[in-house]
Amino acid sequence: MKITISTSRKQELIDITDKVNELVKKSKVKEGICNVFVKHATAAIIINENYDPNVCIDFLNALNKAFPDHAGYLHDKVDNNAGAHIKAAVLGPSETIPIENGKLKLGRWQSIMVVELDGPRSNREVEVRILT
Amino acid sequence: MKITISTSRKQELIDITDKVNELVKKSKVKEGICNVFVKHATAAIIINENYDPNVCIDFLNALNKAFPDHAGYLHDKVDNNAGAHIKAAVLGPSETIPIENGKLKLGRWQSIMVVELDGPRSNREVEVRILT
Amino acid sequence: MKITISTSRKQELIDITDKVNELVKKSKVKEGICNVFVKHATAAIIINENYDPNVCIDFLNALNKAFPDHAGYLHDKVDNNAGAHIKAAVLGPSETIPIENGKLKLGRWQSIMVVELDGPRSNREVEVRILT
């Protein structure tokens with residue numbers, strides 16, 4: 001199963017929790033795990049709060065301070081996106097979430113988000129696997 | 001299956017390896033994987049050395065240097081815990097570990113630890129799923 | 001199933017994508033997930049670009065700037081490798097990847113890499129579990 005999303009900015013967090021939960025529902029799996037995997041080397045999956053959208057802004061700012069773009073990277077001469085690769089590798093392309101009673105067993109403040117690090121892009125693909 | 005823990009400090013690492021291994025034993029699964037998922041947006045799961053407990057202190061210090069608290073975050077005006085959210089999102093809420101002969105197949109120096117980033121809290125819930 | 005690798009430098013990225021895909025093929029599993037787990041507290045698994053090998057150099061440089069070695073760590077008095085433990089804990093020991101049509105469903109620019117952080121070592125063990 002797959003989710004395809006478009007992004008509209010250079011860096012952005014896209015909440016896909018509802019879309020993943022729809023796929024869990026569709027699978028009819030009641031108990032198990034759900035693996036969410038973004039198929040790109042300049043994007044990542046994180047789980048965090050999205051109720052206050054400022055958390056997303058703070059997250060990207062802090063990430064850029066810890067791993068700044070254009071800090072003399074060799075790959076910038078090729079694609080000019082080394083910073084996006086570095087941040088994607090640190091965050092990782094996937095998360096695995098428990099399923100209970102046919103739904104993702106997330107905490108009250110946990111949302112699944114695609115981290116766009118080299119946008120905008122029109123076809124960011126997220127693979128979803130559900131296992132019992 | 002679930003593990004509930006209490007934390008006693010603002011930031012802390014709690015070793016849950018033995019508790020997870022008890023659940024693996026209880027499941028009677030001999031070969032498979034174990035997904036450990038903390039249900040909070042200001043906590044995380046890591047795997048690392050806990051034989052020398054100084055590794056845990058060094059880890060939290062280094063994490064706070066790379067992602068400092070109260071660095072002008074917008075969410076601090078709401079909950080004053082943006083730094084905890086940021087660190088939790090970077091580390092991630094889960095790890096998936098192989099099972100062999102009815103036990104977690106961890107390395108000699110690997111322990112599973114809950115990272116408390118906004119404690120103390122009395123009810124930190126960790127979901128454990130075992131699949132074959 | 002297991003992959004054993006040797007490393008030749010203090011820090012290094014070793015691409016194991018082909019070896020993992022061989023194990024997937026050998027398993028005859030067509031649809032499912034593959035968990036790749038390195039059994040060491042001073043190594044990690046990441047997924048990123050390896051077509052331009054400079055991405056690997058940039059990644060290690062950026063990681064060392066965000067989490068510098070020998071920054072007054074307590075564990076350095078014991079093993080002198082606290083920085084390796086810290087980086088390993090942040091990156092994490094495992095990744096879980098979807099399988100489709102008997103192959104890892106990776107993106108065009110995604111490779112699975114072992115991150116050596118305290119080498120050289122002759123026996124770095126990577127556990128591979130394939131589930132349907």
# chains A, B, ... in the order shown; residues from 1 in each chain; ligands from 1
$ residues_around --residues "range 27-32 of chain C" --least-positions-apart "2" --cutoff "12 Å" --atoms "only C-alpha atoms" --output "MDAnalysis selection string"
(chainID A and resid 1 33:35 127:132) or (chainID B and resid 132) or (chainID C and resid 1 20:25 34:35 96:105 128:132)
$ residues_around --residues "Asn54 in chain C" --least-positions-apart "5" --cutoff "10 Å" --atoms "only C-alpha atoms" --output "list in words"
Tyr73, Leu74, His75, Asp76, Lys77, Val78 and Ala82 of chain A; Glu49, Phe59 and Leu60 of chain C
$ interface_residues --of "chain C" --to "chain B" --cutoff "6 Å" --atoms "only C-alpha atoms" --output "JSON, numbers by chain"
{"C": [39, 40, 41, 66, 73, 74, 75, 86, 89, 90]}
$ residues_around --residues "Thr42 in chain A" --least-positions-apart "2" --cutoff "6 Å" --atoms "only C-alpha atoms" --output "PDB file with N, CA and C atoms, in the first residue's frame"
ATOM      1  N   HIS A  40      12.692   8.057  -0.267  1.00  0.00           N
ATOM      2  CA  HIS A  40      13.539   9.133  -0.782  1.00  0.00           C
ATOM      3  C   HIS A  40      14.694   9.403   0.173  1.00  0.00           C
ATOM      4  N   ALA A  84      20.230  18.260   3.009  1.00  0.00           N
ATOM      5  CA  ALA A  84      18.985  17.473   3.017  1.00  0.00           C
ATOM      6  C   ALA A  84      19.286  15.983   3.197  1.00  0.00           C
ATOM      7  N   HIS A  85      20.315  15.480   2.513  1.00  0.00           N
ATOM      8  CA  HIS A  85      20.708  14.070   2.678  1.00  0.00           C
ATOM      9  C   HIS A  85      21.127  13.775   4.126  1.00  0.00           C
ATOM     10  N   ALA A  88      18.117  13.797   6.441  1.00  0.00           N
ATOM     11  CA  ALA A  88      17.291  12.604   6.175  1.00  0.00           C
ATOM     12  C   ALA A  88      17.915  11.356   6.789  1.00  0.00           C
ATOM     13  N   LEU A 117      12.744  17.688   3.017  1.00  0.00           N
ATOM     14  CA  LEU A 117      13.995  18.409   3.271  1.00  0.00           C
ATOM     15  C   LEU A 117      14.592  19.006   2.009  1.00  0.00           C
ATOM     16  N   ASP A 118      14.008  18.687   0.854  1.00  0.00           N
ATOM     17  CA  ASP A 118      14.544  19.203  -0.415  1.00  0.00           C
ATOM     18  C   ASP A 118      13.405  19.418  -1.417  1.00  0.00           C
TER      19      ASP A 118
END
$ atom_distance --atom1 "CA of Pro120 in chain C" --atom2 "CA of Gly83 in chain A"
27.0 Å
$ residues_around --residues "Asn123 in chain C" --least-positions-apart "5" --cutoff "10 Å" --atoms "only C-alpha atoms" --output "PDB file with C-alpha atoms, in the first residue's frame"
ATOM      1  CA  ILE C   3      25.779 -10.469   7.670  1.00  0.00           C
ATOM      2  CA  THR C   4      29.280 -10.076   9.103  1.00  0.00           C
ATOM      3  CA  ILE C   5      31.494  -7.240   7.926  1.00  0.00           C
ATOM      4  CA  SER C   6      34.953  -5.870   8.612  1.00  0.00           C
ATOM      5  CA  THR C   7      35.705  -2.186   8.800  1.00  0.00           C
TER       6      THR C   7
END
$ select_by_dssp --residues "chain A" --states "strand (DSSP E)" --output "mmCIF file with C-alpha atoms, in the first residue's frame"
data_model
loop_
_atom_site.group_PDB
_atom_site.id
_atom_site.type_symbol
_atom_site.label_atom_id
_atom_site.label_comp_id
_atom_site.auth_asym_id
_atom_site.auth_seq_id
_atom_site.Cartn_x
_atom_site.Cartn_y
_atom_site.Cartn_z
ATOM 1 C CA LYS A 2 1.217 3.453 -0.818
ATOM 2 C CA ILE A 3 0.565 7.125 -0.038
ATOM 3 C CA THR A 4 1.716 9.796 -2.510
ATOM 4 C CA ILE A 5 2.036 13.387 -1.383
ATOM 5 C CA GLU A 12 8.013 21.111 5.450
ATOM 6 C CA LEU A 13 6.274 18.617 7.733
ATOM 7 C CA ILE A 14 3.238 16.839 6.262
ATOM 8 C CA ASP A 15 0.922 15.014 8.660
ATOM 9 C CA GLY A 32 -0.147 -5.969 14.647
ATOM 10 C CA ILE A 33 2.335 -3.377 13.455
ATOM 11 C CA CYS A 34 2.419 -0.769 10.709
ATOM 12 C CA ASN A 35 5.678 0.190 8.954
ATOM 13 C CA VAL A 36 5.705 3.586 7.247
ATOM 14 C CA PHE A 37 8.667 4.098 4.890
ATOM 15 C CA VAL A 38 9.436 7.129 2.714
ATOM 16 C CA ALA A 43 12.961 13.081 3.132
ATOM 17 C CA ALA A 44 12.258 11.330 6.429
ATOM 18 C CA ILE A 45 9.480 10.093 8.725
ATOM 19 C CA ILE A 46 9.121 11.396 12.268
ATOM 20 C CA ILE A 47 6.441 11.060 14.922
ATOM 21 C CA ASN A 48 5.671 14.097 17.057
ATOM 22 C CA SER A 94 10.749 4.916 8.556
ATOM 23 C CA GLU A 95 8.797 4.382 11.741
ATOM 24 C CA THR A 96 7.029 1.239 12.956
ATOM 25 C CA ILE A 97 3.852 1.735 14.989
ATOM 26 C CA PRO A 98 1.718 -0.766 16.938
ATOM 27 C CA ILE A 99 -1.870 -1.457 15.844
ATOM 28 C CA GLU A 100 -4.618 -2.142 18.392
ATOM 29 C CA LYS A 103 -6.176 1.509 14.693
ATOM 30 C CA LEU A 104 -2.683 2.949 15.096
ATOM 31 C CA SER A 111 1.288 12.365 14.670
ATOM 32 C CA ILE A 112 3.128 10.631 11.809
ATOM 33 C CA MET A 113 4.816 13.203 9.619
ATOM 34 C CA VAL A 114 6.763 13.181 6.390
ATOM 35 C CA VAL A 115 9.733 15.535 6.675
ATOM 36 C CA GLU A 116 10.380 17.234 3.340
ATOM 37 C CA ARG A 124 6.864 11.855 -2.542
ATOM 38 C CA GLU A 125 6.028 8.154 -2.081
ATOM 39 C CA VAL A 126 5.400 6.561 1.293
ATOM 40 C CA GLU A 127 5.145 2.771 1.475
ATOM 41 C CA VAL A 128 2.887 1.351 4.184
ATOM 42 C CA ARG A 129 3.125 -2.273 5.332
ATOM 43 C CA ILE A 130 0.780 -3.834 7.855
ATOM 44 C CA LEU A 131 1.732 -7.097 9.541
#
$ atom_distance --atom1 "CA of Pro68 in chain A" --atom2 "CA of Asn81 in chain A"
11.1 Å
$ atom_distance --atom1 "CA of His70 in chain A" --atom2 "CA of Arg121 in chain A"
20.2 Å
$ select_by_dssp --residues "chain C" --states "helix (DSSP H, G or I)" --output "tab-separated table (two decimals) with C-alpha atoms, in the first residue's frame"
chain	number	residue	atom	x	y	z
C	17	THR	CA	22.18	-3.18	0.27
C	18	ASP	CA	23.25	-5.99	-2.10
C	19	LYS	CA	23.92	-8.40	0.77
C	20	VAL	CA	20.51	-7.69	2.33
C	21	ASN	CA	18.80	-8.12	-1.06
C	22	GLU	CA	20.55	-11.51	-1.46
C	23	LEU	CA	19.05	-12.62	1.87
C	24	VAL	CA	15.61	-11.37	0.80
C	25	LYS	CA	15.93	-13.38	-2.42
C	26	LYS	CA	17.11	-16.45	-0.48
C	27	SER	CA	14.11	-16.19	1.86
C	54	ASN	CA	30.85	12.26	-1.05
C	55	VAL	CA	27.44	12.14	0.65
C	56	CYS	CA	28.98	9.62	3.09
C	57	ILE	CA	31.93	11.93	3.82
C	58	ASP	CA	29.62	14.93	4.27
C	59	PHE	CA	27.37	12.87	6.56
C	60	LEU	CA	30.21	11.84	8.89
C	61	ASN	CA	31.62	15.38	8.99
C	62	ALA	CA	28.23	16.88	9.86
C	63	LEU	CA	27.59	14.18	12.48
C	64	ASN	CA	30.96	14.90	14.14
C	65	LYS	CA	30.22	18.63	14.23
C	66	ALA	CA	26.81	18.09	15.85
C	75	HIS	CA	32.93	7.51	29.60
C	76	ASP	CA	36.10	8.59	27.76
C	77	LYS	CA	38.01	7.81	30.98
C	82	ALA	CA	31.83	8.03	24.35
C	83	GLY	CA	31.39	10.00	21.11
C	84	ALA	CA	30.86	6.74	19.21
C	85	HIS	CA	28.21	5.59	21.71
C	86	ILE	CA	26.40	8.93	21.53
C	87	LYS	CA	26.32	8.99	17.71
C	88	ALA	CA	25.22	5.33	17.59
C	89	ALA	CA	22.35	6.02	20.00
C	90	VAL	CA	21.15	9.02	18.00
C	91	LEU	CA	21.23	7.19	14.65
